[in-house]
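Raw contents of my_file.cif, mmCIF, C-alpha atoms:
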```cif
data_protein
loop_
_atom_site.label_atom_id
_atom_site.label_comp_id
_atom_site.auth_asym_id
_atom_site.auth_seq_id
_atom_site.Cartn_x
_atom_site.Cartn_y
_atom_site.Cartn_z
CA MET A 1 0.00 0.00 0.00
CA GLU A 2 1.33 3.41 -0.88
CA LYS A 3 2.03 5.72 2.01
CA GLU A 4 -0.48 8.54 2.19
CA ARG A 5 1.21 11.91 2.24
CA LYS A 6 -0.14 14.81 4.28
CA PRO A 7 0.53 18.55 3.99
CA LYS A 8 3.82 19.39 5.71
CA ASN A 9 4.89 22.74 7.03
CA ILE A 10 7.31 24.38 4.60
CA PHE A 11 7.79 27.59 6.56
CA VAL A 12 10.83 28.42 8.63
CA GLN A 13 10.99 31.53 10.81
CA GLY A 14 14.06 33.52 9.72
CA ALA A 15 16.95 32.51 7.46
CA ILE A 16 17.76 28.90 6.56
CA SER A 17 21.17 28.05 7.99
CA PRO A 18 23.87 26.07 6.14
CA GLU A 19 23.82 23.74 9.17
CA LYS A 20 20.17 22.94 8.55
CA ILE A 21 21.05 22.08 4.96
CA ALA A 22 23.95 19.86 6.07
CA HIS A 23 21.68 18.13 8.56
CA SER A 24 19.07 17.52 5.88
CA ILE A 25 21.69 16.04 3.52
CA ALA A 26 23.11 13.82 6.29
CA ASN A 27 19.61 12.47 7.00
CA HIS A 28 19.63 10.83 3.57
CA SER A 29 22.73 8.68 4.02
CA SER A 30 20.63 5.75 5.20
CA LYS A 31 18.54 5.83 1.98
CA THR A 32 20.89 3.74 -0.10
CA ASP A 33 18.65 3.66 -3.17
CA ILE A 34 19.45 7.35 -3.76
CA GLY A 35 22.06 8.10 -6.43
CA GLY A 36 21.63 11.85 -6.86
CA HIS A 37 20.45 14.88 -4.92
CA SER A 38 19.53 18.18 -6.50
CA ILE A 39 19.40 21.28 -4.33
CA PHE A 40 18.32 24.82 -5.08
CA LEU A 41 19.00 27.65 -2.65
CA GLY A 42 17.58 31.14 -2.96
CA GLN A 43 19.83 33.81 -1.45
CA ILE A 44 18.89 37.45 -0.74
CA ARG A 45 20.57 39.77 -3.22
CA ALA A 46 21.71 43.33 -2.45
CA ASP A 47 19.87 44.72 -5.47
CA GLU A 48 20.18 48.39 -6.34
CA LYS A 49 16.76 49.96 -6.80
CA PRO A 50 16.03 53.53 -7.86
CA GLU A 51 14.74 54.03 -4.28
CA GLY A 52 17.80 52.53 -2.52
CA LYS A 53 19.80 49.37 -1.95
CA VAL A 54 18.14 46.19 -0.67
CA ILE A 55 19.44 45.19 2.76
CA ALA A 56 16.84 42.52 3.61
CA ILE A 57 13.58 40.98 2.46
CA GLU A 58 10.67 40.51 4.83
CA TYR A 59 8.52 37.57 3.78
CA THR A 60 4.87 37.08 4.63
CA ALA A 61 2.49 34.41 3.36
CA TYR A 62 -1.11 33.32 3.31
CA GLU A 63 0.14 30.31 5.18
CA GLU A 64 -2.88 27.99 5.13
CA MET A 65 -3.36 28.44 1.39
CA ALA A 66 0.39 28.15 0.70
CA LEU A 67 0.57 24.84 2.57
CA GLU A 68 -2.42 23.43 0.67
CA LYS A 69 -0.92 24.55 -2.61
CA ALA A 70 2.56 23.24 -1.72
CA PHE A 71 0.99 19.87 -0.98
CA GLU A 72 -0.74 19.87 -4.36
CA ILE A 73 2.54 20.76 -6.13
CA ARG A 74 4.35 18.05 -4.15
CA GLU A 75 1.83 15.42 -5.22
CA ASP A 76 2.05 16.53 -8.86
CA ILE A 77 5.84 16.32 -8.86
CA PHE A 78 5.89 12.96 -7.06
CA SER A 79 3.52 11.55 -9.66
CA LYS A 80 5.56 12.96 -12.54
CA TYR A 81 9.10 11.96 -11.49
CA PRO A 82 10.46 8.81 -9.80
CA LEU A 83 11.70 10.56 -6.67
CA THR A 84 12.81 9.09 -3.39
CA CYS A 85 12.50 12.33 -1.40
CA MET A 86 11.39 15.94 -1.76
CA HIS A 87 11.78 18.77 0.73
CA ILE A 88 10.73 22.42 0.51
CA TYR A 89 11.61 25.12 3.04
CA HIS A 90 10.75 28.81 2.69
CA SER A 91 11.62 31.55 5.15
CA LEU A 92 9.16 33.93 6.77
CA GLY A 93 10.14 37.17 8.48
CA LYS A 94 13.16 39.35 7.80
CA ILE A 95 16.06 37.73 5.94
CA ASN A 96 19.22 39.76 5.44
CA VAL A 97 21.21 39.97 2.21
CA GLY A 98 23.53 36.99 1.79
CA GLU A 99 21.21 34.73 3.77
CA ILE A 100 19.25 31.76 2.41
CA CYS A 101 15.45 32.11 2.13
CA LEU A 102 14.52 29.06 -0.01
CA PHE A 103 15.78 25.48 0.15
CA VAL A 104 14.42 22.92 -2.33
CA PHE A 105 15.85 19.40 -2.13
CA THR A 106 15.00 16.43 -4.38
CA SER A 107 16.56 12.95 -4.44
CA SER A 108 16.24 10.06 -6.84
CA LYS A 109 17.92 6.90 -8.02
CA HIS A 110 19.20 8.51 -11.21
CA ARG A 111 20.22 12.15 -11.41
CA LYS A 112 17.88 13.36 -14.17
CA ALA A 113 14.68 12.97 -12.19
CA ALA A 114 16.07 14.84 -9.19
CA MET A 115 17.36 17.69 -11.36
CA GLN A 116 14.23 18.13 -13.45
CA ALA A 117 11.94 17.87 -10.43
CA CYS A 118 14.00 20.44 -8.51
CA ASP A 119 13.88 22.88 -11.41
CA GLU A 120 10.12 22.47 -11.84
CA LEU A 121 9.50 22.78 -8.09
CA VAL A 122 11.34 26.09 -7.90
CA GLU A 123 9.34 27.47 -10.84
CA ARG A 124 6.06 26.41 -9.30
CA ILE A 125 6.93 27.66 -5.81
CA LYS A 126 7.71 31.11 -7.22
CA ALA A 127 4.63 31.22 -9.44
CA GLU A 128 1.96 29.54 -7.33
CA LEU A 129 2.60 29.96 -3.61
CA PRO A 130 0.95 33.00 -1.98
CA ILE A 131 4.13 34.45 -0.49
CA TRP A 132 5.25 38.08 -0.66
CA GLY A 133 8.63 39.69 -0.24
CA LYS A 134 8.98 43.24 0.99
CA GLU A 135 12.41 44.54 0.05
CA ILE A 136 13.81 46.65 2.87
CA LEU A 137 16.06 49.43 1.60
CA ASP A 138 19.04 51.19 3.15
CA THR A 139 17.05 54.43 2.73
CA GLU A 140 14.55 53.13 5.32
CA GLY A 141 11.88 52.79 2.63
CA HIS A 142 10.76 49.58 1.02
CA VAL A 143 9.54 48.21 -2.31
CA TRP A 144 7.50 45.09 -2.99
CA LYS A 145 9.48 42.33 -4.66
CA VAL A 146 8.36 41.34 -8.16
CA ASN A 147 9.14 37.86 -9.48
CA SER A 148 10.28 37.86 -13.07
CA MET B 149 41.06 43.25 -16.20
CA GLU B 150 39.48 39.87 -15.96
CA LYS B 151 40.92 37.57 -13.33
CA GLU B 152 42.92 34.74 -14.87
CA ARG B 153 41.69 31.40 -13.68
CA LYS B 154 44.08 28.52 -13.05
CA PRO B 155 43.40 24.78 -12.76
CA LYS B 156 42.13 23.98 -9.25
CA ASN B 157 42.24 20.65 -7.53
CA ILE B 158 38.85 19.00 -7.67
CA PHE B 159 39.84 15.80 -5.87
CA VAL B 160 38.99 15.00 -2.29
CA GLN B 161 40.37 11.92 -0.53
CA GLY B 162 37.39 9.94 0.78
CA ALA B 163 33.73 10.93 1.06
CA ILE B 164 32.50 14.54 0.89
CA SER B 165 30.96 15.43 4.25
CA PRO B 166 27.72 17.39 4.70
CA GLU B 167 29.78 19.76 6.87
CA LYS B 168 32.06 20.54 3.93
CA ILE B 169 28.97 21.34 1.87
CA ALA B 170 27.58 23.60 4.62
CA HIS B 171 30.93 25.34 4.89
CA SER B 172 31.03 25.90 1.14
CA ILE B 173 27.49 27.37 1.18
CA ALA B 174 28.31 29.63 4.15
CA ASN B 175 31.36 30.98 2.28
CA HIS B 176 29.01 32.58 -0.24
CA SER B 177 27.02 34.74 2.16
CA SER B 178 29.36 37.67 1.57
CA LYS B 179 28.72 37.54 -2.19
CA THR B 180 25.58 39.62 -2.18
CA ASP B 181 25.14 39.65 -5.96
CA ILE B 182 24.16 35.96 -5.80
CA GLY B 183 20.44 35.19 -5.97
CA GLY B 184 20.50 31.43 -6.55
CA HIS B 185 22.69 28.42 -5.88
CA SER B 186 22.31 25.10 -7.63
CA ILE B 187 23.90 22.01 -6.09
CA PHE B 188 24.20 18.47 -7.33
CA LEU B 189 25.35 15.67 -5.05
CA GLY B 190 26.21 12.17 -6.18
CA GLN B 191 25.58 9.52 -3.53
CA ILE B 192 26.77 5.89 -3.60
CA ARG B 193 23.86 3.55 -4.26
CA ALA B 194 23.55 0.01 -2.88
CA ASP B 195 22.88 -1.42 -6.33
CA GLU B 196 22.06 -5.09 -6.72
CA LYS B 197 24.29 -6.68 -9.38
CA PRO B 198 24.12 -10.25 -10.60
CA GLU B 199 27.50 -10.72 -8.84
CA GLY B 200 26.41 -9.20 -5.50
CA LYS B 201 25.33 -6.02 -3.76
CA VAL B 202 27.40 -2.84 -3.96
CA ILE B 203 28.77 -1.80 -0.57
CA ALA B 204 31.24 0.88 -1.73
CA ILE B 205 32.85 2.40 -4.81
CA GLU B 206 36.59 2.88 -5.03
CA TYR B 207 37.45 5.80 -7.31
CA THR B 208 40.72 6.28 -9.16
CA ALA B 209 41.60 8.92 -11.74
CA TYR B 210 44.21 9.98 -14.24
CA GLU B 211 44.53 13.02 -12.03
CA GLU B 212 46.71 15.32 -14.15
CA MET B 213 44.53 14.83 -17.21
CA ALA B 214 41.32 15.13 -15.18
CA LEU B 215 42.43 18.47 -13.73
CA GLU B 216 43.34 19.83 -17.17
CA LYS B 217 40.01 18.69 -18.55
CA ALA B 218 38.06 20.00 -15.56
CA PHE B 219 39.71 23.38 -16.12
CA GLU B 220 38.67 23.34 -19.77
CA ILE B 221 35.08 22.44 -18.84
CA ARG B 222 35.07 25.18 -16.19
CA GLU B 223 36.18 27.79 -18.71
CA ASP B 224 33.56 26.63 -21.22
CA ILE B 225 30.77 26.87 -18.67
CA PHE B 226 31.93 30.24 -17.35
CA SER B 227 31.92 31.61 -20.89
CA LYS B 228 28.47 30.19 -21.60
CA TYR B 229 26.56 31.22 -18.45
CA PRO B 230 26.70 34.39 -16.33
CA LEU B 231 27.92 32.67 -13.16
CA THR B 232 29.31 34.19 -10.01
CA CYS B 233 30.92 30.97 -8.72
CA MET B 234 31.51 27.36 -9.68
CA HIS B 235 32.91 24.55 -7.56
CA ILE B 236 33.56 20.91 -8.39
CA TYR B 237 34.62 18.23 -5.91
CA HIS B 238 35.03 14.54 -6.70
CA SER B 239 36.08 11.83 -4.27
CA LEU B 240 39.00 9.46 -4.71
CA GLY B 241 39.44 6.25 -2.74
CA LYS B 242 36.78 4.09 -1.18
CA ILE B 243 33.37 5.68 -0.60
CA ASN B 244 30.72 3.66 1.19
CA VAL B 245 27.06 3.42 0.18
CA GLY B 246 25.06 6.41 1.39
CA GLU B 247 28.10 8.69 1.27
CA ILE B 248 28.61 11.63 -1.11
CA CYS B 249 31.22 11.27 -3.89
CA LEU B 250 30.45 14.27 -6.12
CA PHE B 251 29.60 17.86 -5.21
CA VAL B 252 28.92 20.38 -7.97
CA PHE B 253 28.00 23.91 -6.90
CA THR B 254 27.08 26.85 -9.15
CA SER B 255 25.87 30.33 -8.19
CA SER B 256 24.47 33.20 -10.20
CA LYS B 257 22.41 36.36 -9.98
CA HIS B 258 19.30 34.69 -11.43
CA ARG B 259 18.44 31.06 -10.85
CA LYS B 260 18.29 29.81 -14.44
CA ALA B 261 21.99 30.22 -15.17
CA ALA B 262 23.02 28.38 -11.99
CA MET B 263 20.61 25.51 -12.68
CA GLN B 264 21.49 25.03 -16.33
CA ALA B 265 25.22 25.32 -15.67
CA CYS B 266 25.02 22.77 -12.84
CA ASP B 267 23.16 20.31 -15.02
CA GLU B 268 25.64 20.69 -17.88
CA LEU B 269 28.63 20.43 -15.55
CA VAL B 270 27.43 17.12 -14.12
CA GLU B 271 26.91 15.70 -17.62
CA ARG B 272 30.37 16.77 -18.74
CA ILE B 273 32.09 15.57 -15.56
CA LYS B 274 30.58 12.11 -16.02
CA ALA B 275 31.35 11.96 -19.74
CA GLU B 276 34.73 13.65 -20.00
CA LEU B 277 36.77 13.28 -16.84
CA PRO B 278 39.11 10.26 -16.71
CA ILE B 279 37.78 8.85 -13.46
CA TRP B 280 36.87 5.22 -12.78
CA GLY B 281 34.67 3.64 -10.16
CA LYS B 282 35.27 0.10 -8.97
CA GLU B 283 32.10 -1.19 -7.34
CA ILE B 284 32.99 -3.27 -4.30
CA LEU B 285 30.48 -6.06 -3.67
CA ASP B 286 29.35 -7.79 -0.51
CA THR B 287 30.55 -11.04 -2.11
CA GLU B 288 34.13 -9.72 -1.91
CA GLY B 289 34.29 -9.42 -5.69
CA HIS B 290 34.00 -6.22 -7.68
CA VAL B 291 32.63 -4.90 -10.97
CA TRP B 292 33.66 -1.80 -12.88
CA LYS B 293 31.06 0.94 -12.81
CA VAL B 294 29.51 1.89 -16.16
CA ASN B 295 28.02 5.37 -16.63
CA SER B 296 24.73 5.35 -18.49
CA MET C 297 -26.80 31.99 10.31
CA SER C 298 -24.34 34.83 10.03
CA GLN C 299 -24.15 36.48 6.64
CA THR C 300 -20.70 37.91 7.22
CA ILE C 301 -17.58 36.98 5.30
CA THR C 302 -13.92 37.47 6.20
CA ILE C 303 -11.61 39.43 3.94
CA LYS C 304 -7.89 38.81 4.30
CA ALA C 305 -5.45 41.13 2.59
CA PHE C 306 -1.78 40.45 1.96
CA GLY C 307 1.41 42.19 0.87
CA MET C 308 0.96 45.46 -0.95
CA VAL C 309 -2.86 45.27 -0.73
CA ALA C 310 -2.81 44.97 3.06
CA GLU C 311 -0.42 47.91 3.14
CA LYS C 312 -2.73 50.03 0.96
CA ILE C 313 -5.94 49.37 2.82
CA GLY C 314 -4.19 49.61 6.20
CA SER C 315 -5.56 46.34 7.49
CA ALA C 316 -4.92 42.64 7.04
CA GLU C 317 -8.40 41.43 8.01
CA LEU C 318 -11.93 42.79 7.64
CA THR C 319 -15.38 41.39 8.33
CA LEU C 320 -18.08 42.36 5.83
CA GLU C 321 -21.71 41.60 5.14
CA ASN C 322 -21.73 39.04 2.35
CA PRO C 323 -22.36 40.98 -0.89
CA GLY C 324 -23.38 37.70 -2.58
CA THR C 325 -20.96 37.52 -5.50
CA LEU C 326 -17.34 38.26 -6.23
CA LEU C 327 -18.37 41.01 -8.66
CA ALA C 328 -20.46 42.74 -5.99
CA LEU C 329 -17.55 42.43 -3.55
CA LYS C 330 -15.17 43.98 -6.07
CA ASN C 331 -17.47 46.96 -6.49
CA GLN C 332 -17.87 47.37 -2.76
CA LEU C 333 -14.09 47.25 -2.19
CA ALA C 334 -13.49 49.74 -5.00
CA THR C 335 -15.88 52.20 -3.39
CA ARG C 336 -14.46 51.78 0.07
CA PHE C 337 -10.78 51.71 -0.98
CA PRO C 338 -10.36 53.79 -4.15
CA GLU C 339 -6.55 53.24 -3.97
CA LEU C 340 -7.13 49.57 -4.87
CA LYS C 341 -8.19 50.55 -8.37
CA GLU C 342 -4.59 51.05 -9.45
CA MET C 343 -3.41 47.75 -8.00
CA LYS C 344 -3.18 44.37 -9.59
CA PHE C 345 -4.45 41.59 -7.37
CA GLY C 346 -6.39 38.35 -7.49
CA PHE C 347 -8.93 36.68 -5.24
CA ALA C 348 -8.99 33.38 -3.42
CA LEU C 349 -12.23 31.92 -2.05
CA ASN C 350 -11.63 29.56 0.86
CA LYS C 351 -7.98 29.18 -0.24
CA LYS C 352 -8.66 28.47 -3.92
CA MET C 353 -7.85 30.99 -6.63
CA LEU C 354 -10.93 32.44 -8.34
CA THR C 355 -10.65 32.97 -12.06
CA SER C 356 -14.19 34.13 -12.79
CA ASP C 357 -17.18 35.61 -10.97
CA SER C 358 -18.55 33.34 -8.25
CA VAL C 359 -21.27 33.15 -5.68
CA ILE C 360 -19.78 33.75 -2.23
CA PRO C 361 -21.02 31.18 0.30
CA VAL C 362 -21.95 32.02 3.86
CA GLY C 363 -18.93 32.45 6.16
CA ALA C 364 -16.47 32.47 3.28
CA GLU C 365 -12.90 33.61 3.60
CA ILE C 366 -11.92 35.80 0.67
CA ALA C 367 -8.27 36.71 0.24
CA LEU C 368 -6.92 39.65 -1.76
CA LEU C 369 -3.66 38.48 -3.29
CA PRO C 370 -1.16 40.76 -5.02
CA PRO C 371 1.28 39.02 -7.43
CA PHE C 372 3.27 36.35 -5.59
CA SER C 373 6.94 36.99 -4.96
CA GLY C 374 8.23 34.10 -2.93
CA GLY C 375 11.61 32.46 -3.43
CA MET D 376 67.84 11.36 -26.38
CA SER D 377 65.85 8.46 -24.95
CA GLN D 378 63.44 6.77 -27.33
CA THR D 379 61.29 5.36 -24.55
CA ILE D 380 57.69 6.28 -23.88
CA THR D 381 55.62 5.81 -20.74
CA ILE D 382 52.40 3.83 -20.80
CA LYS D 383 49.89 4.48 -18.03
CA ALA D 384 46.96 2.14 -17.60
CA PHE D 385 43.82 2.83 -15.58
CA GLY D 386 40.75 1.10 -14.23
CA MET D 387 39.85 -2.20 -15.82
CA VAL D 388 42.80 -2.02 -18.25
CA ALA D 389 45.34 -1.67 -15.42
CA GLU D 390 43.65 -4.59 -13.70
CA LYS D 391 43.88 -6.76 -16.85
CA ILE D 392 47.50 -6.08 -17.65
CA GLY D 393 48.49 -6.27 -13.99
CA SER D 394 50.39 -3.01 -14.02
CA ALA D 395 49.60 0.69 -13.94
CA GLU D 396 52.77 1.91 -15.61
CA LEU D 397 55.15 0.53 -18.24
CA THR D 398 58.15 1.93 -20.10
CA LEU D 399 58.46 0.90 -23.76
CA GLU D 400 60.65 1.63 -26.73
CA ASN D 401 58.76 4.17 -28.83
CA PRO D 402 57.06 2.18 -31.61
CA GLY D 403 56.65 5.43 -33.58
CA THR D 404 52.89 5.60 -34.11
CA LEU D 405 49.73 4.86 -32.20
CA LEU D 406 48.85 2.08 -34.62
CA ALA D 407 52.21 0.39 -34.07
CA LEU D 408 51.73 0.73 -30.31
CA LYS D 409 48.26 -0.83 -30.53
CA ASN D 410 49.70 -3.84 -32.38
CA GLN D 411 52.52 -4.19 -29.89
CA LEU D 412 50.11 -4.06 -26.92
CA ALA D 413 47.78 -6.57 -28.56
CA THR D 414 50.65 -9.03 -28.94
CA ARG D 415 51.94 -8.55 -25.43
CA PHE D 416 48.51 -8.50 -23.72
CA PRO D 417 46.07 -10.61 -25.74
CA GLU D 418 43.39 -10.05 -23.06
CA LEU D 419 43.18 -6.39 -24.12
CA LYS D 420 41.58 -7.41 -27.42
CA GLU D 421 38.21 -7.90 -25.77
CA MET D 422 38.32 -4.58 -23.95
CA LYS D 423 37.05 -1.20 -24.99
CA PHE D 424 39.49 1.59 -24.25
CA GLY D 425 40.82 4.81 -25.71
CA PHE D 426 44.20 6.49 -25.78
CA ALA D 427 45.46 9.83 -24.52
CA LEU D 428 48.76 11.28 -25.73
CA ASN D 429 50.29 13.67 -23.21
CA LYS D 430 46.85 14.04 -21.54
CA LYS D 431 44.85 14.73 -24.71
CA MET D 432 42.44 12.16 -26.12
CA LEU D 433 43.55 10.69 -29.45
CA THR D 434 40.84 10.12 -32.01
CA SER D 435 42.96 8.92 -34.93
CA ASP D 436 46.39 7.47 -35.60
CA SER D 437 49.22 9.77 -34.54
CA VAL D 438 52.97 9.97 -34.49
CA ILE D 439 54.20 9.42 -30.94
CA PRO D 440 56.80 12.02 -29.96
CA VAL D 441 59.93 11.22 -27.93
CA GLY D 442 59.27 10.83 -24.21
CA ALA D 443 55.51 10.76 -24.68
CA GLU D 444 53.09 9.64 -21.99
CA ILE D 445 50.40 7.42 -23.47
CA ALA D 446 47.43 6.53 -21.30
CA LEU D 447 45.09 3.57 -21.82
CA LEU D 448 41.64 4.75 -20.76
CA PRO D 449 38.64 2.47 -20.31
CA PRO D 450 35.20 4.17 -20.43
CA PHE D 451 34.98 6.86 -17.77
CA SER D 452 32.70 6.25 -14.82
CA GLY D 453 33.13 9.19 -12.49
CA GLY D 454 30.31 10.84 -10.60
#
```

Mind turning the file's structure into structure tokens?
Amino acid sequence: MEKERKPKNIFVQGAISPEKIAHSIANHSSKTDIGGHSIFLGQIRADEKPEGKVIAIEYTAYEEMALEKAFEIREDIFSKYPLTCMHIYHSLGKINVGEICLFVFTSSKHRKAAMQACDELVERIKAELPIWGKEILDTEGHVWKVNS
Amino acid sequence: MEKERKPKNIFVQGAISPEKIAHSIANHSSKTDIGGHSIFLGQIRADEKPEGKVIAIEYTAYEEMALEKAFEIREDIFSKYPLTCMHIYHSLGKINVGEICLFVFTSSKHRKAAMQACDELVERIKAELPIWGKEILDTEGHVWKVNS
Amino acid sequence: MSQTITIKAFGMVAEKIGSAELTLENPGTLLALKNQLATRFPELKEMKFGFALNKKMLTSDSVIPVGAEIALLPPFSGG
Amino acid sequence: MSQTITIKAFGMVAEKIGSAELTLENPGTLLALKNQLATRFPELKEMKFGFALNKKMLTSDSVIPVGAEIALLPPFSGG
């Protein structure tokens, strides 16, 4: 019988630490049917805007809807690619430039599935999850982030 | 003036630890023009062969040629994609199942370049670097790894 | 049975209307709600945003059920 | 000037010929070297491998320069 998957929390308060990423990787060493892991990390960029320089992004979300949607995306990707594991973490709150705000992690027997699934997950997370980034500027103002 | 790049050592004796990966990620927090990191990790699989079950892979390489070729691949990829950073690490020696033997890490302003470059790097590393994996079996025999 | 609905606003929309949550009499349909919001918050007219009804995106006019939660969602910018 | 060349064998080829490095008189061309190796190590006939001359892959017959390093390379299987 296939294991029933339930919505998991994807939100992390504050930045995602490299230690958390290391810990997550280490957790997979007992899954010896995995041959490849693909990881994407989003890092806060010190963009120059006409209004000032970005020093942090403050993320908010419609959390209940985002978790339902993330679950739907997860199920879609699991049914499309032969994956062993899939993990999504997104920061909420204020994340400073140079810090990690998104961590997407896919694992599979052969590398292609992990890579393609990771790529598709990142696209869908950016396009479909109700999350908003407020770019905090060094001029004390802010602008709302726009995904391209 | 553009910085001249020189061949770098890509070889690591033994498995690549999650801590090394975390350290490598953390090193990029000061590069605030980076918006996305793409990482691929190769992990040793406990494959079932007709001759027995894989318990480790022992990697050897024609190191001087591999480093020259890796440098050439690096230059190609840097000229093709707008990357901020690129790192390649491959294990030599005996790596047990569940351990990491390949770590490819690309970073760029926008995610697409990092992802595509990482994908292409992994393909080229597998196809073009003179590295060989001897799969050690639980029957005390071995078979030579074949890349598909 | 209460005829109120809950409006949740996010991101730039919440900033514009100065509130993240409102309770309104149910205007019956999404179109009626849009008109009501436009009258009450004229600054919304220049903004691009979508609607979710009970956590599902709405792509066309809809009847709003009793006790619904309607969210005003500016373009997503996660990641 | 010495007319010897160095042969380096790797992976399955090194295993078959029982040695990772040999010194030979320079047979002059890659084709001549192939024939010489086939005579000395008949077991190589069933194996698939390529040649590198001074760390560059060879795709056709070539003159072998003095002091060259020729590598016998079975299919790569890194990663």

Name all residues at most 12 Å from His176 (chain B) (count all atoms listed in the file; drop same-chain ones fewer than 6 positions away) and give them as a list in words. Pro18, Leu41, Gly42, Gln43, Ile44, Arg45, Val97, Gly98, Glu99 and Ile100 of chain A; Ile169, Ala170, Ile182, Gly183, Gly184, His185, Thr232, Cys233, Met234, His235, Phe253, Thr254, Ser255 and Ser256 of chain B

Pairwise distance, CA of His171 (chain B) with CA of Ala26 (chain A), equals 14.0 Å

Could the residues of chain C that have an atom at most 7 Å from chain A be listed as a tab-separated table, each with its closest atom pair and the distance in Å to one decimal, counting all atoms listed in the file and ordered by chain and ascending residue number?
```
residue	atom	partner	partner_atom	distance
C:Gly307	CA	A:Trp132	CA	5.8
C:Met308	CA	A:Trp144	CA	6.9
C:Lys351	CA	A:Met65	CA	5.0
C:Phe372	CA	A:Pro130	CA	5.4
C:Ser373	CA	A:Trp132	CA	4.7
C:Gly374	CA	A:Ile131	CA	4.8
C:Gly375	CA	A:Lys126	CA	5.6
```

Select, from B:Ala261, B:Ile284, B:Val160, B:Ile173, the residue with the minimum atom-to-atom distance to Ser227 (chain B), counting all atoms listed in the file.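 Going through B:Ala261, B:Ile284, B:Val160, B:Ile173 one by one, the smallest distance to Ser227 (chain B) is for B:Ala261.
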
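Taking CA of Glu199 (chain B) and CA of Glu390 (chain D) as the two end points, the separation is 17.9 Å.
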
Once chain C is fitted onto chain D by least squares over all its in-order Cα atoms, send the moved chain as a compact mmCIF listing (two decimals) with C-alpha atoms, in the frame of the given file.
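See superposed-v2.txt below for the written result:
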```txt
# COMPACT_ATOMS: atom_id res chain seq x y z
CA MET C 297 67.85 11.29 -26.47
CA SER C 298 65.87 8.46 -24.98
CA GLN C 299 63.44 6.77 -27.33
CA THR C 300 61.30 5.36 -24.55
CA ILE C 301 57.70 6.28 -23.87
CA THR C 302 55.62 5.82 -20.72
CA ILE C 303 52.40 3.84 -20.80
CA LYS C 304 49.90 4.48 -18.02
CA ALA C 305 46.95 2.15 -17.61
CA PHE C 306 43.82 2.84 -15.59
CA GLY C 307 40.74 1.10 -14.22
CA MET C 308 39.86 -2.19 -15.83
CA VAL C 309 42.82 -2.01 -18.25
CA ALA C 310 45.35 -1.67 -15.43
CA GLU C 311 43.65 -4.60 -13.72
CA LYS C 312 43.89 -6.75 -16.86
CA ILE C 313 47.51 -6.09 -17.67
CA GLY C 314 48.51 -6.28 -14.00
CA SER C 315 50.38 -3.00 -14.01
CA ALA C 316 49.58 0.70 -13.95
CA GLU C 317 52.79 1.90 -15.61
CA LEU C 318 55.15 0.52 -18.25
CA THR C 319 58.15 1.92 -20.10
CA LEU C 320 58.45 0.91 -23.75
CA GLU C 321 60.65 1.64 -26.72
CA ASN C 322 58.77 4.17 -28.82
CA PRO C 323 57.05 2.19 -31.61
CA GLY C 324 56.64 5.45 -33.58
CA THR C 325 52.88 5.60 -34.10
CA LEU C 326 49.73 4.87 -32.18
CA LEU C 327 48.86 2.09 -34.63
CA ALA C 328 52.21 0.38 -34.06
CA LEU C 329 51.72 0.73 -30.30
CA LYS C 330 48.27 -0.84 -30.53
CA ASN C 331 49.69 -3.83 -32.36
CA GLN C 332 52.51 -4.20 -29.88
CA LEU C 333 50.11 -4.06 -26.90
CA ALA C 334 47.78 -6.58 -28.54
CA THR C 335 50.64 -9.03 -28.94
CA ARG C 336 51.93 -8.56 -25.44
CA PHE C 337 48.51 -8.49 -23.72
CA PRO C 338 46.07 -10.61 -25.75
CA GLU C 339 43.38 -10.04 -23.04
CA LEU C 340 43.18 -6.38 -24.14
CA LYS C 341 41.60 -7.41 -27.42
CA GLU C 342 38.22 -7.90 -25.78
CA MET C 343 38.32 -4.58 -23.95
CA LYS C 344 37.06 -1.22 -25.00
CA PHE C 345 39.48 1.58 -24.26
CA GLY C 346 40.81 4.81 -25.70
CA PHE C 347 44.20 6.50 -25.78
CA ALA C 348 45.46 9.82 -24.51
CA LEU C 349 48.76 11.28 -25.72
CA ASN C 350 50.28 13.68 -23.19
CA LYS C 351 46.85 14.06 -21.54
CA LYS C 352 44.85 14.72 -24.72
CA MET C 353 42.43 12.17 -26.13
CA LEU C 354 43.55 10.69 -29.46
CA THR C 355 40.83 10.12 -32.00
CA SER C 356 42.95 8.94 -34.92
CA ASP C 357 46.39 7.46 -35.59
CA SER C 358 49.23 9.76 -34.54
CA VAL C 359 52.97 9.97 -34.49
CA ILE C 360 54.21 9.42 -30.93
CA PRO C 361 56.82 12.01 -29.94
CA VAL C 362 59.92 11.21 -27.94
CA GLY C 363 59.25 10.82 -24.20
CA ALA C 364 55.49 10.77 -24.65
CA GLU C 365 53.09 9.65 -21.99
CA ILE C 366 50.39 7.43 -23.46
CA ALA C 367 47.42 6.53 -21.29
CA LEU C 368 45.09 3.58 -21.82
CA LEU C 369 41.65 4.74 -20.75
CA PRO C 370 38.64 2.45 -20.31
CA PRO C 371 35.21 4.17 -20.45
CA PHE C 372 34.98 6.87 -17.78
CA SER C 373 32.70 6.26 -14.83
CA GLY C 374 33.11 9.18 -12.50
CA GLY C 375 30.28 10.82 -10.60
```

Expand the PyMOL selection byres ((chain D and resi 404) around 6) into the explicit residue set it covers here, and present it as a PyMOL selection string. chain D and resi 402-403+405-407+437-439

So, counting only C-alpha atoms, which residue among B:Met263, B:Ile158, B:Leu231, B:Leu285 is closest to chain A? B:Met263

Given 3 Å of margin on each side, can you work out the centre and size in Å (one decimal) of an axis-aligned box holding every listed atom of region 22-35 of chain A, as AutoDock Vina command-line options?
```
--center_x 21.2 --center_y 11.8 --center_z 1.1 --size_x 11.4 --size_y 22.2 --size_z 21.0
```
